[in-house]
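work_36.txt follows; it contains compact mmCIF, C-alpha atoms and all ligand atoms.
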# COMPACT_ATOMS: atom_id res chain seq x y z
CA MET H 1 -14.74 20.05 9.57
CA SER H 2 -14.90 19.13 13.24
CA THR H 3 -15.86 15.60 14.15
CA SER H 4 -15.70 16.01 17.90
CA SER H 5 -19.48 15.54 18.11
CA LEU H 6 -19.36 12.18 16.29
CA GLU H 7 -19.66 9.27 18.65
CA ILE H 8 -18.84 5.79 17.40
CA ILE H 9 -21.59 3.20 17.86
CA TYR H 10 -20.38 -0.31 18.74
CA ASP H 11 -22.19 -3.35 17.40
CA LYS H 12 -19.93 -6.20 18.45
CA CYS H 13 -20.05 -9.72 17.02
CA ALA H 14 -21.66 -12.26 19.34
CA THR H 15 -19.01 -14.85 18.43
CA SER H 16 -15.58 -14.49 16.89
CA ARG H 17 -14.39 -16.40 13.81
CA ILE H 18 -10.80 -16.35 15.00
CA GLU H 19 -10.73 -20.03 16.02
CA GLU H 20 -11.18 -20.97 12.33
CA VAL H 21 -7.91 -19.27 11.35
CA ASP H 22 -4.64 -21.11 10.85
CA PHE H 23 -2.18 -18.34 11.73
CA GLN H 24 0.75 -20.54 10.62
CA ASN H 25 -0.48 -20.49 7.01
CA ILE H 26 -1.95 -17.11 6.20
CA GLU H 27 -2.26 -16.14 2.58
CA PHE H 28 -2.30 -12.43 1.83
CA GLY H 29 -5.74 -10.89 1.59
CA LYS H 30 -8.00 -13.88 2.13
CA ILE H 31 -8.88 -13.79 5.83
CA TYR H 32 -10.86 -10.96 7.38
CA SER H 33 -11.10 -10.01 11.03
CA ASP H 34 -14.40 -9.91 12.91
CA HIS H 35 -15.25 -6.21 12.63
CA MET H 36 -15.18 -3.23 10.31
CA PHE H 37 -15.55 0.51 10.73
CA THR H 38 -18.08 2.34 8.57
CA VAL H 39 -19.09 5.96 8.26
CA ASP H 40 -21.38 7.61 5.72
CA TYR H 41 -21.16 10.92 3.89
CA LYS H 42 -24.49 12.57 3.20
CA ASP H 43 -25.82 16.14 2.99
CA GLY H 44 -22.27 17.47 3.03
CA GLU H 45 -21.16 15.77 6.25
CA TRP H 46 -19.85 12.54 7.71
CA LYS H 47 -22.32 10.69 9.94
CA ASN H 48 -23.17 7.35 11.61
CA PRO H 49 -19.71 6.03 12.52
CA VAL H 50 -20.11 2.38 13.50
CA VAL H 51 -17.73 -0.39 14.48
CA GLY H 52 -19.76 -3.46 13.60
CA PRO H 53 -19.42 -7.00 12.24
CA TYR H 54 -17.48 -7.53 9.01
CA ARG H 55 -20.34 -8.30 6.68
CA GLN H 56 -21.67 -8.15 3.16
CA LEU H 57 -22.85 -4.85 1.73
CA SER H 58 -25.79 -4.60 -0.62
CA PHE H 59 -26.18 -2.03 -3.37
CA ASN H 60 -28.68 -1.06 -5.99
CA PRO H 61 -27.28 -1.88 -9.50
CA SER H 62 -27.29 1.84 -10.36
CA THR H 63 -24.87 2.68 -7.55
CA SER H 64 -22.41 5.18 -8.92
CA VAL H 65 -19.13 3.45 -7.96
CA LEU H 66 -20.12 0.39 -9.99
CA HIS H 67 -20.20 2.45 -13.18
CA TYR H 68 -17.74 5.32 -13.00
CA GLY H 69 -15.23 4.05 -10.48
CA GLN H 70 -15.17 6.73 -7.79
CA SER H 71 -13.29 4.47 -5.42
CA ILE H 72 -10.07 5.04 -3.49
CA PHE H 73 -8.19 3.04 -0.90
CA GLU H 74 -5.18 2.84 1.39
CA GLY H 75 -3.07 0.10 2.88
CA LEU H 76 -1.33 0.26 6.24
CA LYS H 77 -0.31 -2.19 8.93
CA ALA H 78 -0.62 -2.81 12.66
CA TYR H 79 1.96 -4.85 14.56
CA ARG H 80 2.17 -6.47 17.96
CA SER H 81 5.35 -6.05 20.00
CA LYS H 82 6.75 -8.84 22.17
CA SER H 83 5.45 -6.99 25.23
CA GLY H 84 1.95 -6.95 23.73
CA GLU H 85 1.74 -3.34 22.51
CA ILE H 86 -0.38 -2.62 19.43
CA ARG H 87 1.70 -0.52 17.06
CA LEU H 88 0.52 1.41 13.99
CA PHE H 89 3.15 2.41 11.43
CA ARG H 90 2.82 5.94 9.94
CA ALA H 91 -0.97 5.63 9.82
CA GLU H 92 -1.61 9.38 9.79
CA ASP H 93 0.49 9.61 6.63
CA ASN H 94 -1.92 7.15 5.06
CA ALA H 95 -4.88 9.25 6.20
CA ARG H 96 -3.34 12.35 4.61
CA ARG H 97 -2.55 10.53 1.37
CA PHE H 98 -6.10 9.17 1.34
CA ASN H 99 -7.36 12.73 1.27
CA GLN H 100 -5.05 13.62 -1.63
CA SER H 101 -6.62 10.71 -3.53
CA ALA H 102 -10.10 11.91 -2.49
CA ILE H 103 -9.48 15.41 -3.86
CA ARG H 104 -8.25 14.02 -7.20
CA MET H 105 -11.27 11.72 -7.55
CA CYS H 106 -13.75 14.46 -6.62
CA MET H 107 -14.67 12.73 -3.36
CA PRO H 108 -15.04 14.32 0.09
CA GLU H 109 -11.99 14.37 2.35
CA ILE H 110 -12.38 12.50 5.60
CA PRO H 111 -11.09 14.34 8.66
CA VAL H 112 -7.81 12.74 9.73
CA ASP H 113 -9.07 12.53 13.34
CA LEU H 114 -12.16 10.55 12.22
CA PHE H 115 -10.04 8.22 10.06
CA MET H 116 -7.66 7.68 12.99
CA GLN H 117 -10.41 7.31 15.59
CA GLY H 118 -12.16 4.59 13.56
CA LEU H 119 -8.85 2.89 12.87
CA ARG H 120 -7.73 2.85 16.51
CA GLU H 121 -11.08 1.56 17.77
CA LEU H 122 -11.24 -1.17 15.13
CA VAL H 123 -7.68 -2.38 15.66
CA LYS H 124 -8.10 -2.33 19.44
CA LEU H 125 -11.32 -4.35 19.23
CA ASP H 126 -9.80 -6.93 16.86
CA SER H 127 -6.35 -6.87 18.42
CA ASN H 128 -6.42 -10.68 18.83
CA TRP H 129 -6.24 -10.84 15.06
CA ILE H 130 -2.78 -9.22 14.92
CA PRO H 131 -0.54 -12.17 14.11
CA LYS H 132 2.56 -12.69 16.19
CA GLU H 133 4.47 -14.81 13.65
CA PRO H 134 7.63 -13.14 12.24
CA GLY H 135 6.95 -11.42 8.92
CA SER H 136 3.20 -11.22 9.55
CA SER H 137 1.03 -8.30 10.58
CA LEU H 138 -2.52 -6.99 10.51
CA TYR H 139 -3.10 -5.36 7.13
CA VAL H 140 -5.56 -2.49 7.31
CA ARG H 141 -7.61 -1.53 4.26
CA PRO H 142 -9.43 1.82 4.44
CA PHE H 143 -11.48 2.66 1.33
CA MET H 144 -14.22 4.95 0.11
CA ILE H 145 -16.87 4.43 -2.57
CA ALA H 146 -19.50 6.59 -4.24
CA THR H 147 -23.00 5.44 -3.30
CA ASP H 148 -25.48 7.66 -5.19
CA GLU H 149 -28.07 5.61 -7.05
CA TYR H 150 -27.66 7.55 -10.28
CA ILE H 151 -26.06 6.72 -13.61
CA GLY H 152 -25.49 10.23 -14.89
CA VAL H 153 -21.79 11.13 -14.92
CA ARG H 154 -21.14 13.48 -12.04
CA PRO H 155 -19.49 13.26 -8.64
CA SER H 156 -21.70 11.32 -6.23
CA SER H 157 -23.21 13.27 -3.36
CA THR H 158 -23.10 10.29 -0.98
CA TYR H 159 -20.19 8.04 -0.02
CA LYS H 160 -19.30 5.20 2.30
CA PHE H 161 -15.94 5.03 4.06
CA ILE H 162 -14.96 1.61 5.43
CA ILE H 163 -11.96 0.17 7.21
CA PHE H 164 -11.52 -3.59 7.50
CA THR H 165 -8.49 -5.58 8.52
CA CYS H 166 -6.89 -8.88 7.69
CA PRO H 167 -4.02 -10.83 9.20
CA VAL H 168 -1.40 -11.26 6.48
CA GLY H 169 1.92 -12.84 5.74
CA ALA H 170 4.20 -11.82 2.88
CA TYR H 171 2.59 -10.41 -0.28
CA TYR H 172 5.42 -11.77 -2.41
CA THR H 173 6.74 -15.08 -1.21
CA GLU H 174 9.81 -15.27 -3.46
CA PRO H 175 12.29 -12.87 -5.13
CA LEU H 176 10.68 -11.27 -8.14
CA ARG H 177 11.13 -11.39 -11.87
CA VAL H 178 10.01 -8.03 -13.25
CA LYS H 179 9.84 -6.67 -16.79
CA ILE H 180 10.40 -3.08 -17.88
CA GLU H 181 7.15 -2.24 -19.69
CA LEU H 182 7.64 -0.30 -22.94
CA GLU H 183 4.20 -0.52 -24.53
CA TYR H 184 1.41 -0.11 -21.98
CA SER H 185 1.18 2.69 -19.42
CA ARG H 186 -0.16 2.78 -15.91
CA SER H 187 -0.71 6.50 -15.83
CA ALA H 188 -0.24 9.61 -17.97
CA ASN H 189 0.72 13.21 -17.26
CA GLY H 190 -2.26 15.01 -15.79
CA GLY H 191 -3.91 11.67 -14.93
CA CYS H 192 -4.41 10.18 -11.51
CA GLY H 193 -1.34 7.95 -11.13
CA TYR H 194 -0.41 9.50 -7.78
CA ALA H 195 -3.83 8.69 -6.32
CA LYS H 196 -4.65 5.33 -4.80
CA ALA H 197 -7.64 5.09 -7.10
CA ALA H 198 -9.14 1.67 -7.83
CA GLY H 199 -9.09 2.30 -11.59
CA ASN H 200 -5.29 2.64 -11.63
CA TYR H 201 -5.10 -0.97 -10.51
CA ALA H 202 -7.79 -2.23 -12.89
CA GLY H 203 -6.01 -0.68 -15.88
CA ALA H 204 -2.77 -2.39 -14.90
CA LEU H 205 -4.22 -5.89 -14.79
CA TYR H 206 -4.07 -6.69 -18.51
CA PRO H 207 -0.41 -5.68 -19.09
CA ALA H 208 0.49 -7.46 -15.82
CA LYS H 209 -1.30 -10.58 -17.07
CA LEU H 210 0.73 -10.50 -20.30
CA ALA H 211 3.88 -10.19 -18.21
CA ASN H 212 2.75 -13.10 -15.99
CA ASN H 213 2.20 -15.21 -19.11
CA ALA H 214 5.77 -14.39 -20.13
CA GLY H 215 7.08 -15.59 -16.75
CA TYR H 216 7.33 -12.31 -14.80
CA HIS H 217 5.68 -11.52 -11.49
CA GLN H 218 5.32 -7.81 -12.11
CA LEU H 219 6.08 -4.88 -14.38
CA ILE H 220 8.27 -1.86 -13.95
CA TRP H 221 6.18 0.90 -15.46
CA THR H 222 7.79 3.63 -17.55
CA ASP H 223 6.50 7.11 -18.40
CA SER H 224 3.65 7.12 -20.89
CA SER H 225 5.04 9.79 -23.26
CA THR H 226 8.46 8.31 -24.06
CA HIS H 227 8.80 5.04 -22.11
CA GLU H 228 12.33 6.25 -21.38
CA TYR H 229 11.99 6.79 -17.63
CA ILE H 230 11.33 4.33 -14.84
CA GLU H 231 8.23 5.04 -12.71
CA GLU H 232 6.96 2.42 -10.24
CA SER H 233 5.93 -1.17 -10.10
CA GLY H 234 2.17 -0.93 -9.49
CA THR H 235 2.02 -2.76 -6.18
CA MET H 236 5.16 -1.00 -4.93
CA ASN H 237 7.71 1.73 -5.61
CA ILE H 238 11.07 0.73 -6.95
CA LEU H 239 14.62 1.37 -5.76
CA PHE H 240 18.06 0.43 -7.10
CA MET H 241 21.49 0.33 -5.52
CA ILE H 242 24.05 1.05 -8.23
CA ASN H 243 27.73 1.43 -7.40
CA GLY H 244 26.87 2.23 -3.79
CA VAL H 245 24.27 4.91 -4.62
CA LEU H 246 20.59 4.42 -3.87
CA TYR H 247 18.28 5.56 -6.71
CA SER H 248 14.51 5.87 -6.76
CA PRO H 249 12.17 7.73 -9.10
CA ALA H 250 10.85 10.82 -7.33
CA PRO H 251 7.12 10.77 -6.59
CA SER H 252 5.30 12.75 -9.26
CA GLY H 253 1.86 13.13 -10.76
CA THR H 254 2.23 9.67 -12.26
CA ILE H 255 3.88 7.84 -9.35
CA LEU H 256 2.37 6.95 -5.98
CA ASP H 257 4.16 8.70 -3.11
CA GLY H 258 4.81 5.46 -1.23
CA ILE H 259 5.19 5.66 2.54
CA THR H 260 7.49 2.62 2.65
CA ARG H 261 9.67 4.13 -0.11
CA ARG H 262 9.79 7.39 1.82
CA SER H 263 10.77 5.50 4.99
CA VAL H 264 13.55 3.59 3.19
CA VAL H 265 14.98 6.83 1.81
CA GLU H 266 14.79 8.60 5.19
CA VAL H 267 16.55 5.68 6.88
CA ALA H 268 19.19 5.55 4.11
CA LYS H 269 19.90 9.27 4.54
CA SER H 270 20.21 8.84 8.30
CA TRP H 271 22.79 6.10 7.68
CA GLY H 272 24.73 8.34 5.28
CA VAL H 273 23.93 6.20 2.23
CA PRO H 274 24.27 8.34 -0.93
CA TYR H 275 20.81 8.82 -2.46
CA LYS H 276 19.72 10.22 -5.83
CA LYS H 277 16.09 10.66 -6.68
CA GLY H 278 14.82 10.40 -10.26
CA PRO H 279 14.37 10.87 -13.10
CA ILE H 280 15.94 7.48 -13.71
CA SER H 281 16.25 6.56 -17.35
CA VAL H 282 15.71 3.07 -18.69
CA LYS H 283 19.01 3.58 -20.54
CA MET H 284 20.87 4.20 -17.30
CA ILE H 285 19.42 1.04 -15.75
CA GLU H 286 20.10 -0.97 -18.90
CA ASP H 287 23.74 0.21 -19.04
CA ALA H 288 24.21 -0.58 -15.35
CA LEU H 289 22.61 -4.02 -15.80
CA ARG H 290 24.90 -4.78 -18.76
CA LYS H 291 27.99 -3.74 -16.80
CA GLY H 292 26.85 -5.73 -13.73
CA GLU H 293 26.68 -2.53 -11.67
CA VAL H 294 23.17 -3.02 -10.27
CA GLU H 295 24.01 -4.36 -6.84
CA GLU H 296 20.44 -4.43 -5.56
CA ALA H 297 16.94 -3.81 -6.89
CA PHE H 298 13.86 -4.00 -4.75
CA GLY H 299 10.29 -2.86 -4.41
CA ALA H 300 8.97 -0.98 -1.39
CA GLY H 301 5.33 -0.94 -0.33
CA THR H 302 3.07 -1.59 2.64
CA ALA H 303 1.92 -4.98 1.40
CA ALA H 304 5.16 -5.82 -0.41
CA THR H 305 7.38 -4.50 2.45
CA ILE H 306 10.86 -4.78 0.90
CA ALA H 307 10.44 -7.13 -2.06
CA GLN H 308 13.70 -8.32 -3.55
CA ILE H 309 13.98 -8.28 -7.34
CA HIS H 310 15.97 -11.15 -8.71
CA THR H 311 15.58 -10.67 -12.47
CA ILE H 312 14.90 -7.62 -14.64
CA GLY H 313 13.65 -8.25 -18.17
CA HIS H 314 14.31 -5.57 -20.76
CA ASP H 315 14.00 -5.72 -24.53
CA GLY H 316 14.00 -9.52 -24.63
CA ILE H 317 16.99 -9.95 -22.27
CA ASP H 318 16.67 -11.18 -18.68
CA TYR H 319 19.32 -9.67 -16.44
CA GLU H 320 20.04 -11.66 -13.27
CA LEU H 321 20.95 -9.63 -10.19
CA PRO H 322 23.35 -10.55 -7.36
CA PRO H 323 22.15 -13.15 -4.84
CA ILE H 324 19.77 -11.83 -2.19
CA GLU H 325 22.10 -12.71 0.70
CA LYS H 326 24.77 -10.35 -0.73
CA ARG H 327 22.47 -7.32 -0.68
CA LYS H 328 23.70 -5.38 2.30
CA PHE H 329 21.49 -2.31 2.13
CA SER H 330 18.07 -3.81 1.37
CA ASN H 331 18.50 -6.64 3.87
CA LYS H 332 19.62 -4.18 6.54
CA VAL H 333 16.82 -1.69 5.89
CA TYR H 334 14.23 -4.51 5.81
CA ASN H 335 15.37 -5.78 9.21
CA PHE H 336 15.61 -2.26 10.61
CA LEU H 337 12.07 -1.33 9.56
CA GLU H 338 10.57 -4.65 10.67
CA ASN H 339 12.23 -4.27 14.09
CA LEU H 340 11.16 -0.65 14.40
CA LYS H 341 7.56 -1.56 13.59
CA ARG H 342 7.61 -4.33 16.22
CA GLY H 343 9.27 -2.23 18.91
CA GLU H 344 12.62 -3.99 18.79
CA GLU H 345 14.41 -0.98 17.34
CA LYS H 346 14.22 2.52 18.81
CA ASP H 347 11.71 4.64 16.89
CA SER H 348 13.86 7.75 16.61
CA PHE H 349 11.83 8.86 13.55
CA GLY H 350 8.56 9.01 15.52
CA TRP H 351 6.76 6.78 13.00
CA VAL H 352 4.97 4.41 15.35
CA GLU H 353 1.82 5.08 17.35
CA VAL H 354 1.22 2.71 20.25
CA ILE H 355 -2.53 2.42 20.73
CA ASN H 356 -3.27 0.39 23.81
C1 LIG H 401 -0.29 -1.70 -0.30
O1 LIG H 401 0.91 -1.91 -0.35
O2 LIG H 401 -0.89 -1.55 0.76
C2 LIG H 401 -1.07 -1.60 -1.51
O3 LIG H 401 -2.05 -0.93 -1.49
C3 LIG H 401 -0.71 -2.41 -2.67
C4 LIG H 401 -1.83 -3.32 -2.96
C5 LIG H 401 -2.15 -3.21 -4.38
C6 LIG H 401 -1.61 -4.68 -2.47

Before anything else, please render the file you have as structure tokens.
Amino acid sequence: MSTSSLEIIYDKCATSRIEEVDFQNIEFGKIYSDHMFTVDYKDGEWKNPVVGPYRQLSFNPSTSVLHYGQSIFEGLKAYRSKSGEIRLFRAEDNARRFNQSAIRMCMPEIPVDLFMQGLRELVKLDSNWIPKEPGSSLYVRPFMIATDEYIGVRPSSTYKFIIFTCPVGAYYTEPLRVKIELEYSRSANGGCGYAKAAGNYAGALYPAKLANNAGYHQLIWTDSSTHEYIEESGTMNILFMINGVLYSPAPSGTILDGITRRSVVEVAKSWGVPYKKGPISVKMIEDALRKGEVEEAFGAGTAATIAQIHTIGHDGIDYELPPIEKRKFSNKVYNFLENLKRGEEKDSFGWVEVIN
């Protein structure tokens, strides 16, 4: 579908809320920039693209998304370079993945050019909100919800696509304790685990809460049929460095195809680091943990960036991993990607779009 005829309407805030923000102490996901981008899907087409004030939405109680969960989202980040450039990291990959989620959830795809146009305009308008502090960035949350006022079970015929942004610091503020989950499942074969569907996250909350109560930050999910293979960690993909080889479960129908994970693997390959993609059995990880061969374990995600894992719990035993400062690969790849995103490392992969 062509969107060349769609012109964005601007409805700018009269006053900005930015003065209220303490950029030295930003907690993830609690502060929202002045504007948002909205566009509606109706009668088989996208219409009314608006960049307007970040504001409350109101819905009739029968609105479809509230009952049957047709809701998908993305997460990406914008950075500011020292010279003042606004830099988006792999945003078109997010737009494409968004559409894979849309197809799976029976929602309309949004043309990548419309997604990108709204994103660029929004980030440009709220560019003052991109934090300059090291380790912080402007988190961008595109999402789509079903808006039919109808409680019969069928795909909605109307939708709202929204992008809002928030200045963020680290999602995880300390090295993680994670537990290999052997009872509950995040996703099953033929399900929608690869989609960034809201329900995948809702279903993970209860097992994650049990893990939190037992002293872990997060779970490492395993496959739902046998619980013998490692999948992902819910808020991030997972990677291990074992005897100098980088391992990560391959994206599949049950695992989100993470853009940060993909970037880490592409960088590792370019550095000549040996890489093996899954399947990765729990047994293999357990054996390596017992023998002290797991040199590094970390999560990779947009929000999580590279999140160091300090402890892995399995079958009642907590295995401690080597100190963070000894982890050559994950520290190096973290610094490399952070510098590339901020324009301090050459972008030879072509992952950054400069938008001003
Ligand atoms: C992201 O990394 O952007 C995500 O969507 C994970 C989210 C659950 C915080």

Check your understanding: Closest to Lys269 of chain H among H:Met116, H:Leu246, H:Ile110, H:Ala304, using all atoms listed in the file?
Key ->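 Using all atoms listed in the file, the shortest distance to Lys269 of chain H belongs to H:Leu246.
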
**Study point:** Shell of 8 Å around ligand LIG 401 (chain H) (only C-alpha atoms and all ligand atoms), written as a ChimeraX atom specification
**Key:** /H:73-76,139,141,171,196,201,234-236,301-305

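For segment 313-318 of chain H, the set of protein, DNA and RNA residues having any atom at most 7 Å away, when counting all atoms listed in the file and skipping those fewer than 3 positions along the same chain, is H:Val178, H:Lys179, H:Ile180.
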
Review point. Of the candidates H:Ser33, H:Ser263, H:Ser252, H:Asn189, which shows the shortest atom-to-atom distance to Cys13 of chain H, using only C-alpha atoms?
Key: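 Of the candidates, the smallest distance to Cys13 of chain H is held by H:Ser33.
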
Practice item. Grab the atom CA of Lys160 of chain H to atom CA of Pro53 of chain H distance for me, in Å with one decimal place. Key: 15.7 Å

Check your understanding: Interatomic distance between atom CA of Ile242 of chain H and atom CA of Gly272 of chain H?
Key ->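 Going from atom CA of Ile242 of chain H over to atom CA of Gly272 of chain H, I get 15.4 Å.
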
Practice item. Go through H:Ala288, H:Val65, H:Leu321, H:Leu6 one by one, measure the shortest atom-to-atom distance of each to Tyr150 of chain H using all atoms listed in the file, and give the residue with the smallest value. Key: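 Comparing H:Ala288, H:Val65, H:Leu321, H:Leu6 against Tyr150 of chain H, the winner is H:Val65.
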
**Study point:** Computed interatomic separation between atom CA of Ala208 of chain H and atom CA of Pro61 of chain H (Å)
**Key:**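 Distance reported for this atom pair: 29.0 Å.
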
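Nearest to Leu337 of chain H of all the residues H:His227, H:Ile151, H:Cys166, H:Arg90 is H:Arg90, based on only C-alpha atoms.
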
Review point. Of the candidates H:Pro279, H:Gly343, H:Gly152, H:Pro251, which one gets nearest to Lys82 of chain H if we count all atoms listed in the file?
Key: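 Under the stated criterion, the closest residue is H:Gly343.
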
Point to revise | Best match for closeness to Thr147 of chain H among H:Tyr68, H:Tyr79, H:Phe98, H:Phe329, counting only C-alpha atoms | key: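 Using only C-alpha atoms, the shortest distance to Thr147 of chain H belongs to H:Tyr68.
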
Please rebuild segment 239-254 of chain H with N, CA and C atoms and return the result as a PDB file, in the frame of the given file.
ATOM      1  N   LEU H 239      13.335   0.752  -6.127  1.00  0.00           N
ATOM      2  CA  LEU H 239      14.620   1.370  -5.760  1.00  0.00           C
ATOM      3  C   LEU H 239      15.763   0.497  -6.300  1.00  0.00           C
ATOM      4  N   PHE H 240      16.878   1.140  -6.602  1.00  0.00           N
ATOM      5  CA  PHE H 240      18.060   0.430  -7.100  1.00  0.00           C
ATOM      6  C   PHE H 240      19.273   0.883  -6.311  1.00  0.00           C
ATOM      7  N   MET H 241      20.188  -0.043  -6.070  1.00  0.00           N
ATOM      8  CA  MET H 241      21.490   0.330  -5.520  1.00  0.00           C
ATOM      9  C   MET H 241      22.496   0.081  -6.635  1.00  0.00           C
ATOM     10  N   ILE H 242      23.115   1.167  -7.114  1.00  0.00           N
ATOM     11  CA  ILE H 242      24.050   1.050  -8.230  1.00  0.00           C
ATOM     12  C   ILE H 242      25.366   1.692  -7.812  1.00  0.00           C
ATOM     13  N   ASN H 243      26.414   0.922  -7.824  1.00  0.00           N
ATOM     14  CA  ASN H 243      27.730   1.430  -7.400  1.00  0.00           C
ATOM     15  C   ASN H 243      27.657   2.192  -6.080  1.00  0.00           C
ATOM     16  N   GLY H 244      26.924   1.642  -5.132  1.00  0.00           N
ATOM     17  CA  GLY H 244      26.870   2.230  -3.790  1.00  0.00           C
ATOM     18  C   GLY H 244      25.950   3.432  -3.642  1.00  0.00           C
ATOM     19  N   VAL H 245      25.206   3.776  -4.711  1.00  0.00           N
ATOM     20  CA  VAL H 245      24.270   4.910  -4.620  1.00  0.00           C
ATOM     21  C   VAL H 245      22.843   4.370  -4.741  1.00  0.00           C
ATOM     22  N   LEU H 246      21.992   4.841  -3.847  1.00  0.00           N
ATOM     23  CA  LEU H 246      20.590   4.420  -3.870  1.00  0.00           C
ATOM     24  C   LEU H 246      19.811   5.356  -4.813  1.00  0.00           C
ATOM     25  N   TYR H 247      19.089   4.778  -5.747  1.00  0.00           N
ATOM     26  CA  TYR H 247      18.280   5.560  -6.710  1.00  0.00           C
ATOM     27  C   TYR H 247      16.815   5.178  -6.578  1.00  0.00           C
ATOM     28  N   SER H 248      15.943   6.171  -6.686  1.00  0.00           N
ATOM     29  CA  SER H 248      14.510   5.870  -6.760  1.00  0.00           C
ATOM     30  C   SER H 248      13.811   6.996  -7.501  1.00  0.00           C
ATOM     31  N   PRO H 249      12.902   6.659  -8.417  1.00  0.00           N
ATOM     32  CA  PRO H 249      12.170   7.730  -9.100  1.00  0.00           C
ATOM     33  C   PRO H 249      11.438   8.597  -8.079  1.00  0.00           C
ATOM     34  N   ALA H 250      11.518   9.901  -8.261  1.00  0.00           N
ATOM     35  CA  ALA H 250      10.850  10.820  -7.330  1.00  0.00           C
ATOM     36  C   ALA H 250       9.350  10.705  -7.517  1.00  0.00           C
ATOM     37  N   PRO H 251       8.582  10.756  -6.428  1.00  0.00           N
ATOM     38  CA  PRO H 251       7.120  10.770  -6.590  1.00  0.00           C
ATOM     39  C   PRO H 251       6.723  11.934  -7.494  1.00  0.00           C
ATOM     40  N   SER H 252       5.737  11.708  -8.326  1.00  0.00           N
ATOM     41  CA  SER H 252       5.300  12.750  -9.260  1.00  0.00           C
ATOM     42  C   SER H 252       3.821  12.551  -9.491  1.00  0.00           C
ATOM     43  N   GLY H 253       3.276  13.279 -10.449  1.00  0.00           N
ATOM     44  CA  GLY H 253       1.860  13.130 -10.760  1.00  0.00           C
ATOM     45  C   GLY H 253       1.508  11.728 -11.235  1.00  0.00           C
ATOM     46  N   THR H 254       2.518  10.986 -11.705  1.00  0.00           N
ATOM     47  CA  THR H 254       2.230   9.670 -12.260  1.00  0.00           C
ATOM     48  C   THR H 254       2.689   8.520 -11.356  1.00  0.00           C
TER      49      THR H 254
END
